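Presented below is the structure to which this report refers.
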Amino acid sequence: MSYTRATVLAFFSLLAGGALLVFLLRNVSPYRSDDELNPLALLTFMLSVFLMTGGGGVLTALALHRRWPALAGIKTRRRPLTAEAALRQGVLLGLTAVTLLAMAMLQVLDVAVLIVTLLVAGLIEAYVQSRG
């Protein structure tokens, strides 16, 4: 995928996630009329957080990869710079954010879980880069 396509996709993902998050926080209650949690509202909330953090992560990764191509896993300058690594890293960031948010909602998030989750995400990225 080209840089322009990835940038446009990430920008629209960031905007859609942010708009959906604002809409949900202003207009949708997380509880139904019978005082139970609304699973559709929670799922939509998680989707909006994923879209927003994933889009922002892709835009950040694209900017960082232009300056430091080694962050994309490129070892030689002869190999062309593509946007697949930035997309992968943005999706991984979004999944990490949703995982941490779900753990915080379940009240099981502490410093050790936070560190382990971030380390696992970093190890997944390092493994994918070493395979490519």
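Identifiers in this document derive from the order of the structure tokens: chains are assigned A, B, ..., residues are numbered from 1 separately in each chain, and ligands are numbered from 1 in order of occurrence.
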For this session: Give the helix (DSSP H, G or I) residues of chain A, as assigned by DSSP on the backbone, as a ChimeraX atom specification.
Result: /A:3-27,39-67,69-72,84-105,111-131
For this session: For Leu14 in chain A, please output as a ChimeraX atom specification all residues within 6 Å (counting only C-alpha atoms; exclusion window: fewer than 6 positions along the same chain).
Result: /A:52,55-56
Exercise. Between A:Leu15, A:Ala83, A:Leu114, A:Val128, which one has atoms that come closest to Ala102 in chain A, using only C-alpha atoms?
Worked result: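 So, comparing all the options, the nearest one is A:Leu114.
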Distance table requested - range 78-110 of chain A against range 115-122 of chain A, cut-off 10 Å, only C-alpha atoms: one row per qualifying residue with the closest atom pair and its distance in Å to one decimal, ordered by chain and rising residue number, as JSON lines.
```
{"residue": "A:Gln89", "atom": "CA", "partner": "A:Ala121", "partner_atom": "CA", "distance": 9.4}
{"residue": "A:Leu92", "atom": "CA", "partner": "A:Ala121", "partner_atom": "CA", "distance": 6.9}
{"residue": "A:Leu93", "atom": "CA", "partner": "A:Ala121", "partner_atom": "CA", "distance": 7.9}
{"residue": "A:Leu95", "atom": "CA", "partner": "A:Ala121", "partner_atom": "CA", "distance": 9.0}
{"residue": "A:Thr96", "atom": "CA", "partner": "A:Ala121", "partner_atom": "CA", "distance": 6.9}
{"residue": "A:Ala97", "atom": "CA", "partner": "A:Leu118", "partner_atom": "CA", "distance": 9.5}
{"residue": "A:Thr99", "atom": "CA", "partner": "A:Thr117", "partner_atom": "CA", "distance": 8.3}
{"residue": "A:Leu100", "atom": "CA", "partner": "A:Thr117", "partner_atom": "CA", "distance": 7.7}
{"residue": "A:Asp110", "atom": "CA", "partner": "A:Ile115", "partner_atom": "CA", "distance": 8.7}
```
For this session: Find the residues near Ala61 in chain A: any atom within 10 Å, counting only C-alpha atoms, skip ones fewer than 5 places away on the same chain, and give them as a list in words.
Result: Gly55, Gly56, Arg66, Arg67, Trp68, Leu71, Ala72, Ala83, Ala85, Ala86, Leu87, Arg88, Gln89 and Gly90 of chain A
Okay, now the selection with N, CA and C atoms, as a PDB file, in the first residue's frame?
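Result file is part_38.pdb:
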```
ATOM      1  N   GLY A  55      -5.727   4.600  14.118  1.00  0.00           N
ATOM      2  CA  GLY A  55      -5.472   5.642  13.117  1.00  0.00           C
ATOM      3  C   GLY A  55      -4.368   6.591  13.537  1.00  0.00           C
ATOM      4  N   GLY A  56      -4.396   7.001  14.797  1.00  0.00           N
ATOM      5  CA  GLY A  56      -3.324   7.859  15.296  1.00  0.00           C
ATOM      6  C   GLY A  56      -1.983   7.156  15.306  1.00  0.00           C
ATOM      7  N   ARG A  66       9.489   7.568   8.026  1.00  0.00           N
ATOM      8  CA  ARG A  66      10.176   8.423   7.041  1.00  0.00           C
ATOM      9  C   ARG A  66      11.506   8.919   7.595  1.00  0.00           C
ATOM     10  N   ARG A  67      11.523   9.229   8.886  1.00  0.00           N
ATOM     11  CA  ARG A  67      12.749   9.742   9.501  1.00  0.00           C
ATOM     12  C   ARG A  67      13.720   8.619   9.846  1.00  0.00           C
ATOM     13  N   TRP A  68      13.174   7.521  10.437  1.00  0.00           N
ATOM     14  CA  TRP A  68      13.998   6.391  10.858  1.00  0.00           C
ATOM     15  C   TRP A  68      13.438   5.117  10.241  1.00  0.00           C
ATOM     16  N   LEU A  71      12.817   1.594  12.097  1.00  0.00           N
ATOM     17  CA  LEU A  71      11.632   1.299  12.915  1.00  0.00           C
ATOM     18  C   LEU A  71      10.608   0.468  12.154  1.00  0.00           C
ATOM     19  N   ALA A  72      10.673   0.503  10.838  1.00  0.00           N
ATOM     20  CA  ALA A  72       9.780  -0.309  10.015  1.00  0.00           C
ATOM     21  C   ALA A  72      10.366  -1.679   9.734  1.00  0.00           C
ATOM     22  N   ALA A  83       4.152   1.119   3.401  1.00  0.00           N
ATOM     23  CA  ALA A  83       3.327   1.499   4.541  1.00  0.00           C
ATOM     24  C   ALA A  83       2.790   0.305   5.317  1.00  0.00           C
ATOM     25  N   ALA A  85       4.244  -1.825   7.307  1.00  0.00           N
ATOM     26  CA  ALA A  85       4.729  -1.879   8.690  1.00  0.00           C
ATOM     27  C   ALA A  85       3.991  -0.864   9.562  1.00  0.00           C
ATOM     28  N   ALA A  86       3.728   0.308   9.034  1.00  0.00           N
ATOM     29  CA  ALA A  86       3.004   1.323   9.800  1.00  0.00           C
ATOM     30  C   ALA A  86       1.570   0.875  10.076  1.00  0.00           C
ATOM     31  N   LEU A  87       0.933   0.254   9.090  1.00  0.00           N
ATOM     32  CA  LEU A  87      -0.423  -0.256   9.306  1.00  0.00           C
ATOM     33  C   LEU A  87      -0.433  -1.353  10.357  1.00  0.00           C
ATOM     34  N   ARG A  88       0.528  -2.236  10.293  1.00  0.00           N
ATOM     35  CA  ARG A  88       0.617  -3.314  11.274  1.00  0.00           C
ATOM     36  C   ARG A  88       0.845  -2.746  12.670  1.00  0.00           C
ATOM     37  N   GLN A  89       1.724  -1.776  12.789  1.00  0.00           N
ATOM     38  CA  GLN A  89       2.024  -1.200  14.085  1.00  0.00           C
ATOM     39  C   GLN A  89       0.840  -0.405  14.638  1.00  0.00           C
ATOM     40  N   GLY A  90       0.099   0.262  13.759  1.00  0.00           N
ATOM     41  CA  GLY A  90      -1.088   0.981  14.214  1.00  0.00           C
ATOM     42  C   GLY A  90      -2.178   0.042  14.702  1.00  0.00           C
TER      43      GLY A  90
END
```
For this session: Fewer than 5 positions away in the same chain doesn't count, so skip those; otherwise give me all residues within 9 Å of Ser2 in chain A, counting only C-alpha atoms, as a PyMOL selection string.
Result: chain A and resi 7+82-84
List as a PDB file with C-alpha atoms, in the first residue's frame the protein and nucleic acid residues near Phe45 in chain A, meaning an atom at most 9 Å away when only C-alpha atoms are counted, but skip any in the same chain fewer than 5 places from it.
```
ATOM      1  CA  LEU A  20     -18.046   7.890  17.147  1.00  0.00           C
ATOM      2  CA  LEU A  21     -16.468   8.247  20.581  1.00  0.00           C
ATOM      3  CA  LEU A  24     -21.260   7.688  22.285  1.00  0.00           C
ATOM      4  CA  LEU A  25     -20.107   9.712  25.263  1.00  0.00           C
ATOM      5  CA  LEU A  40     -23.757  -3.108  22.006  1.00  0.00           C
ATOM      6  CA  PHE A  50      -9.635   0.975  18.428  1.00  0.00           C
TER       7      PHE A  50
END
```
Exercise. Do you know which residues are at most 10 Å from Val28 in chain A counting only C-alpha atoms, after dropping those on the same chain fewer than 6 positions away, and could you put them as a ChimeraX atom specification?
Worked result: /A:22,38,41-42,45
Would you write out those residues with N, CA and C atoms, as a JSON list (two decimals), in the first residue's frame?
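What ended up in result26.json:
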```json
[["chain", "number", "residue", "atom", "x", "y", "z"],
["A", 22, "VAL", "N", -17.13, 10.59, 20.54],
["A", 22, "VAL", "CA", -17.85, 11.77, 21.03],
["A", 22, "VAL", "C", -19.36, 11.53, 21.03],
["A", 38, "ASN", "N", -25.27, -2.34, 28.59],
["A", 38, "ASN", "CA", -25.64, -2.48, 27.18],
["A", 38, "ASN", "C", -24.43, -3.01, 26.42],
["A", 41, "ALA", "N", -23.46, -1.02, 23.21],
["A", 41, "ALA", "CA", -22.82, 0.27, 23.47],
["A", 41, "ALA", "C", -21.36, 0.08, 23.87],
["A", 42, "LEU", "N", -21.08, -0.94, 24.68],
["A", 42, "LEU", "CA", -19.70, -1.20, 25.08],
["A", 42, "LEU", "C", -18.85, -1.66, 23.90],
["A", 45, "PHE", "N", -18.15, 1.32, 21.80],
["A", 45, "PHE", "CA", -17.14, 2.13, 22.49],
["A", 45, "PHE", "C", -15.74, 1.57, 22.25]]
```
For this session: Between CA of Leu109 in chain A and CA of Ser48 in chain A, measure the distance and give it in Å to one decimal.
Result: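 Taking CA of Leu109 in chain A and CA of Ser48 in chain A, their separation equals 20.5 Å.
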